[in-house]
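J.: Sharing model-v1.cif, mmCIF, C-alpha atoms and all ligand atoms:
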data_my_file
#
loop_
_atom_site.group_PDB
_atom_site.id
_atom_site.type_symbol
_atom_site.label_atom_id
_atom_site.label_comp_id
_atom_site.auth_asym_id
_atom_site.auth_seq_id
_atom_site.Cartn_x
_atom_site.Cartn_y
_atom_site.Cartn_z
ATOM 1 C CA MET A 1 0.000 0.000 0.000
ATOM 2 C CA THR A 2 1.220 3.506 -0.702
ATOM 3 C CA GLU A 3 0.872 6.466 1.627
ATOM 4 C CA SER A 4 -2.126 7.719 -0.320
ATOM 5 C CA THR A 5 -4.056 4.490 0.307
ATOM 6 C CA ASP A 6 -2.887 3.576 3.817
ATOM 7 C CA PRO A 7 -4.581 5.767 6.443
ATOM 8 C CA LEU A 8 -1.952 4.817 9.026
ATOM 9 C CA LEU A 9 0.829 6.211 6.838
ATOM 10 C CA GLN A 10 -1.268 9.298 6.229
ATOM 11 C CA ALA A 11 -1.646 9.796 9.977
ATOM 12 C CA ALA A 12 2.128 9.453 10.440
ATOM 13 C CA ARG A 13 2.736 11.984 7.679
ATOM 14 C CA GLN A 14 0.290 14.456 9.213
ATOM 15 C CA VAL A 15 1.689 14.330 12.731
ATOM 16 C CA ARG A 16 5.215 14.702 11.339
ATOM 17 C CA ASP A 17 4.378 18.353 10.681
ATOM 18 C CA ARG A 18 4.048 18.881 14.442
ATOM 19 C CA ALA A 19 7.568 17.644 15.240
ATOM 20 C CA TRP A 20 9.705 20.028 17.275
ATOM 21 C CA VAL A 21 13.126 19.642 15.677
ATOM 22 C CA PRO A 22 15.116 22.893 15.901
ATOM 23 C CA TYR A 23 18.373 20.983 16.542
ATOM 24 C CA SER A 24 18.363 18.117 14.034
ATOM 25 C CA GLY A 25 15.929 19.390 11.423
ATOM 26 C CA PHE A 26 14.787 15.751 11.123
ATOM 27 C CA PRO A 27 11.017 15.526 11.728
ATOM 28 C CA VAL A 28 9.516 12.103 12.430
ATOM 29 C CA GLY A 29 5.846 11.149 12.560
ATOM 30 C CA ALA A 30 4.606 7.886 14.089
ATOM 31 C CA ALA A 31 1.122 6.358 14.030
ATOM 32 C CA LEU A 32 0.361 3.294 16.121
ATOM 33 C CA GLU A 33 -2.677 1.181 15.264
ATOM 34 C CA ALA A 34 -4.234 -0.586 18.226
ATOM 35 C CA GLU A 35 -5.892 -3.999 18.015
ATOM 36 C CA ASP A 36 -9.256 -2.292 18.349
ATOM 37 C CA GLY A 37 -8.489 -0.101 15.334
ATOM 38 C CA ARG A 38 -7.805 3.113 17.212
ATOM 39 C CA VAL A 39 -4.807 5.137 16.059
ATOM 40 C CA PHE A 40 -2.408 6.994 18.363
ATOM 41 C CA THR A 41 0.109 9.406 16.933
ATOM 42 C CA GLY A 42 3.332 11.016 18.100
ATOM 43 C CA CYS A 43 6.124 13.223 16.785
ATOM 44 C CA ASN A 44 9.658 13.774 17.979
ATOM 45 C CA VAL A 45 10.095 16.545 20.518
ATOM 46 C CA GLU A 46 13.655 17.798 20.847
ATOM 47 C CA ASN A 47 15.192 19.756 23.688
ATOM 48 C CA ALA A 48 18.101 22.137 24.175
ATOM 49 C CA SER A 49 19.458 19.444 26.487
ATOM 50 C CA TYR A 50 19.823 17.081 23.536
ATOM 51 C CA GLY A 51 19.616 13.806 25.425
ATOM 52 C CA LEU A 52 16.120 14.668 26.637
ATOM 53 C CA THR A 53 14.725 14.387 23.119
ATOM 54 C CA ILE A 54 11.674 12.155 22.843
ATOM 55 C CA CYS A 55 11.321 10.030 19.694
ATOM 56 C CA ALA A 56 8.079 9.971 17.728
ATOM 57 C CA GLU A 57 7.527 6.237 18.326
ATOM 58 C CA ARG A 58 7.751 6.543 22.085
ATOM 59 C CA ALA A 59 5.506 9.629 22.054
ATOM 60 C CA ALA A 60 2.847 7.589 20.191
ATOM 61 C CA LEU A 61 3.218 4.600 22.519
ATOM 62 C CA VAL A 62 2.952 6.725 25.658
ATOM 63 C CA SER A 63 -0.178 8.370 24.284
ATOM 64 C CA ALA A 64 -1.772 4.948 23.687
ATOM 65 C CA VAL A 65 -0.811 3.441 27.036
ATOM 66 C CA SER A 66 -2.021 6.596 28.790
ATOM 67 C CA ALA A 67 -5.402 5.999 27.133
ATOM 68 C CA GLY A 68 -5.448 2.452 28.514
ATOM 69 C CA VAL A 69 -4.480 0.761 25.236
ATOM 70 C CA ARG A 70 -1.732 -1.884 25.280
ATOM 71 C CA ARG A 71 -2.266 -4.136 22.275
ATOM 72 C CA PHE A 72 -1.092 -3.045 18.859
ATOM 73 C CA ARG A 73 -1.086 -4.271 15.268
ATOM 74 C CA ARG A 74 0.966 -1.841 13.221
ATOM 75 C CA LEU A 75 3.241 1.184 13.430
ATOM 76 C CA ALA A 76 3.674 3.616 10.549
ATOM 77 C CA LEU A 77 6.629 6.005 10.327
ATOM 78 C CA SER A 78 7.123 9.053 8.182
ATOM 79 C CA THR A 79 10.384 10.973 7.710
ATOM 80 C CA ARG A 80 12.000 12.991 4.935
ATOM 81 C CA ALA A 81 14.955 10.598 4.678
ATOM 82 C CA GLU A 82 15.879 9.115 1.316
ATOM 83 C CA LEU A 83 15.786 5.567 2.688
ATOM 84 C CA ALA A 84 13.002 4.180 4.853
ATOM 85 C CA THR A 85 13.940 4.538 8.516
ATOM 86 C CA PRO A 86 13.195 1.878 11.145
ATOM 87 C CA PRO A 87 12.757 2.802 14.836
ATOM 88 C CA CYS A 88 15.962 3.453 16.797
ATOM 89 C CA GLY A 89 17.202 0.815 19.242
ATOM 90 C CA ALA A 90 15.687 2.479 22.301
ATOM 91 C CA CYS A 91 12.268 2.665 20.650
ATOM 92 C CA ARG A 92 12.493 -0.999 19.576
ATOM 93 C CA GLN A 93 12.960 -2.030 23.191
ATOM 94 C CA VAL A 94 10.069 0.129 24.385
ATOM 95 C CA LEU A 95 7.711 -1.027 21.618
ATOM 96 C CA ALA A 96 8.650 -4.689 22.229
ATOM 97 C CA GLU A 97 7.380 -4.447 25.808
ATOM 98 C CA PHE A 98 3.863 -4.307 24.364
ATOM 99 C CA ALA A 99 4.027 -5.685 20.826
ATOM 100 C CA PRO A 100 7.091 -7.847 20.077
ATOM 101 C CA GLU A 101 5.605 -8.912 16.728
ATOM 102 C CA LEU A 102 4.516 -5.430 15.682
ATOM 103 C CA GLU A 103 4.424 -4.761 11.947
ATOM 104 C CA ILE A 104 6.298 -1.572 11.072
ATOM 105 C CA VAL A 105 5.803 0.331 7.840
ATOM 106 C CA SER A 106 8.039 3.187 6.782
ATOM 107 C CA ARG A 107 7.542 5.303 3.709
ATOM 108 C CA VAL A 108 9.993 6.659 1.170
ATOM 109 C CA GLU A 109 9.070 8.287 -2.094
ATOM 110 C CA GLY A 110 6.764 5.940 -3.946
ATOM 111 C CA HIS A 111 7.740 2.936 -1.871
ATOM 112 C CA VAL A 112 6.819 1.461 1.494
ATOM 113 C CA GLN A 113 9.187 -0.774 3.440
ATOM 114 C CA THR A 114 7.894 -3.233 6.025
ATOM 115 C CA TRP A 115 9.619 -4.910 8.967
ATOM 116 C CA ARG A 116 8.509 -6.985 11.916
ATOM 117 C CA LEU A 117 9.721 -5.769 15.279
ATOM 118 C CA ASP A 118 11.113 -9.169 16.287
ATOM 119 C CA GLU A 119 13.225 -9.073 13.135
ATOM 120 C CA LEU A 120 14.661 -5.657 14.137
ATOM 121 C CA LEU A 121 15.072 -6.685 17.797
ATOM 122 C CA PRO A 122 15.308 -10.499 18.043
ATOM 123 C CA VAL A 123 16.178 -10.453 21.743
ATOM 124 C CA ARG A 124 14.943 -7.704 24.043
ATOM 125 C CA PHE A 125 15.898 -6.993 27.618
ATOM 126 C CA GLN A 126 13.546 -8.627 30.128
ATOM 127 C CA LEU A 127 13.812 -8.765 33.891
ATOM 128 C CA THR A 128 13.184 -12.496 33.541
ATOM 129 C CA PRO A 129 14.876 -13.517 30.287
ATOM 130 C CA GLY A 130 12.839 -15.997 28.270
ATOM 131 C CA ALA A 131 9.629 -15.230 30.138
ATOM 132 C CA GLN A 132 6.399 -14.944 28.203
ATOM 133 C CA ASP A 133 5.795 -11.541 26.735
ATOM 134 C CA GLY A 134 5.378 -9.082 29.570
ATOM 135 C CA ALA A 135 2.674 -6.732 28.432
ATOM 136 C CA ALA A 136 0.584 -9.386 26.670
ATOM 137 C CA GLY A 137 0.524 -11.385 29.874
ATOM 138 C CA LEU A 138 -0.224 -8.359 31.981
ATOM 139 C CA GLN A 139 -3.309 -7.029 30.254
ATOM 140 C CA THR A 140 -5.299 -6.994 33.469
ATOM 141 C CA GLN A 141 -2.610 -5.238 35.457
ATOM 142 C CA GLU A 142 -3.816 -1.836 36.621
ATOM 143 C CA ASN A 143 -0.677 -0.689 38.352
ATOM 144 C CA GLY A 144 2.486 -2.388 39.483
ATOM 145 C CA ARG A 145 1.974 -1.218 43.062
ATOM 146 C CA THR A 146 -0.683 -2.599 45.336
ATOM 147 C CA ASP A 147 0.251 -0.790 48.541
ATOM 148 C CA GLY A 148 -1.373 2.480 47.521
HETATM 149 N N1 LIG B 1 14.113 10.041 16.056
HETATM 150 C C1 LIG B 1 12.838 9.542 16.223
HETATM 151 O O1 LIG B 1 11.887 10.302 16.450
HETATM 152 N N2 LIG B 1 12.666 8.211 16.111
HETATM 153 C C2 LIG B 1 13.662 7.302 15.900
HETATM 154 O O2 LIG B 1 13.412 6.102 15.903
HETATM 155 C C3 LIG B 1 15.020 7.771 15.675
HETATM 156 C C4 LIG B 1 15.262 9.224 15.774
HETATM 157 C C5 LIG B 1 14.322 11.498 16.178
HETATM 158 C C6 LIG B 1 15.163 11.907 17.350
HETATM 159 C C7 LIG B 1 15.704 13.240 16.867
HETATM 160 O O3 LIG B 1 14.759 14.250 17.177
HETATM 161 C C8 LIG B 1 15.788 13.101 15.371
HETATM 162 O O4 LIG B 1 14.994 11.973 15.038
HETATM 163 C C9 LIG B 1 17.196 12.880 14.849
HETATM 164 O O5 LIG B 1 17.816 11.818 15.497
#
Reformat the file's structure so that it appears as structure tokens.
T.:
Amino acid sequence: MTESTDPLLQAARQVRDRAWVPYSGFPVGAALEAEDGRVFTGCNVENASYGLTICAERAALVSAVSAGVRRFRRLALSTRAELATPPCGACRQVLAEFAPELEIVSRVEGHVQTWRLDELLPVRFQLTPGAQDGAAGLQTQENGRTDG
């Protein structure tokens, strides 16, 4: 599917225009499609203290989780790069907490590249290595703390 026919890529392209990128000049738009069909978007937000920059993918994920959504089907990315860009390593780890088999689509002129997250990050950090997927097994968890 091209950007013009895939609404998820269109959403990523639209939110890219909201990126705050005075330092890199590299705007990124991310659109995360939940299992229930809802779409959550995010853009990168840079900071004068460079290391505090928030990537578009994590902005979209935080928006979804804050809305109570933890199961996802697809992630679309939009940048102005000449080659399709996959999520950075930090974002792979954060996305894999919730959707280790996420399908990722990234657009370049006239062409869409697709990856699966477990292909980009075959082994993620887990507190208990080899355990079943954390978030998928924790869908009923409200909060990690029970002592108020
Ligand atoms: N960036 C993202 O938003 N997502 C990624 O996966 C990699 C990089 C942003 C961070 C920074 O604002 C700009 O792209 C250049 O690195």
J.: From the options A:Ala60, A:Val21, A:Val69, A:Ala131, which residue's atoms come nearest to ligand LIG 1 (chain B), counting all atoms listed in the file?
T.: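 The closest residue to ligand LIG 1 (chain B) is A:Val21.
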J.: Could you list, as number ranges by chain, every residue matched by the PyMOL selection byres (((not hetatm)) within 10 of (chain B and resi 1)) in this structure?
T.: A: 16, 19-30, 42-47, 50-59, 77-79, 85-92
J.: Which neighbours of Ala11 in chain A fall inside 10 Å, counting only C-alpha atoms, when residues of the same chain fewer than 2 positions from it are skipped, and could you give them as a list in words?
T.: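 My list of contacting residues is Glu3, Asp6, Pro7, Leu8, Leu9, Arg13, Gln14, Val15, Arg16, Gly29, Ala30, Ala31, Leu32, Val39, Phe40, Thr41, Gly42, Ala76, Leu77 and Ser78 of chain A.
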J.: What separation in Å, quoted to one decimal, exists between CA of Gln126 in chain A and CA of Gln93 in chain A?
T.: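 Taking CA of Gln126 in chain A as the start and CA of Gln93 in chain A as the end point, the length is 9.6 Å.
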J.: Rank A:Val65, A:Ala99, A:Leu127, A:Leu83 by their smallest atom-to-atom distance to Val112 in chain A, using all atoms listed in the file, and report the top residue only.
T.: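 Closest to Val112 in chain A, using all atoms listed in the file: A:Leu83.
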J.: Name every residue that the PyMOL selection byres (((chain A and resi 74) around 7) and not hetatm) selects in this structure, writing the answer as number ranges by chain with chains first and numbers rising.
T.: A: 32-33, 72-73, 75-76, 102-104
J.: If you measure from CA of Pro122 in chain A to CA of Pro100 in chain A, what distance in Å do you get, rounded to one decimal?
T.: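 CA of Pro100 in chain A lies 8.9 Å from CA of Pro122 in chain A.
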J.: Rounded to one decimal place, report the CA of Arg124 in chain A-CA of Leu95 in chain A distance in Å.
T.: 10.1 Å
J.: Which residues fall under the PyMOL selection byres (((chain A and resi 82) around 8) and not hetatm) in this file, as a ChimeraX atom specification?
T.: /A:80-81,83-84,108-109
J.: Go ahead and save the picked residues with C-alpha atoms, as a PDB file, in the coordinates of the input.
T.:
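Once everything was written out, this is out_11.pdb:
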ATOM      1  CA  ARG A  80      12.000  12.991   4.935  1.00  0.00           C
ATOM      2  CA  ALA A  81      14.955  10.598   4.678  1.00  0.00           C
ATOM      3  CA  LEU A  83      15.786   5.567   2.688  1.00  0.00           C
ATOM      4  CA  ALA A  84      13.002   4.180   4.853  1.00  0.00           C
ATOM      5  CA  VAL A 108       9.993   6.659   1.170  1.00  0.00           C
ATOM      6  CA  GLU A 109       9.070   8.287  -2.094  1.00  0.00           C
TER       7      GLU A 109
END
J.: Nearest to Asp36 in chain A: which of A:Thr5, A:Ala12, A:Arg71, A:Ser63 is it, counting all atoms listed in the file?
T.: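 Closest residue, counting all atoms listed in the file: A:Arg71.
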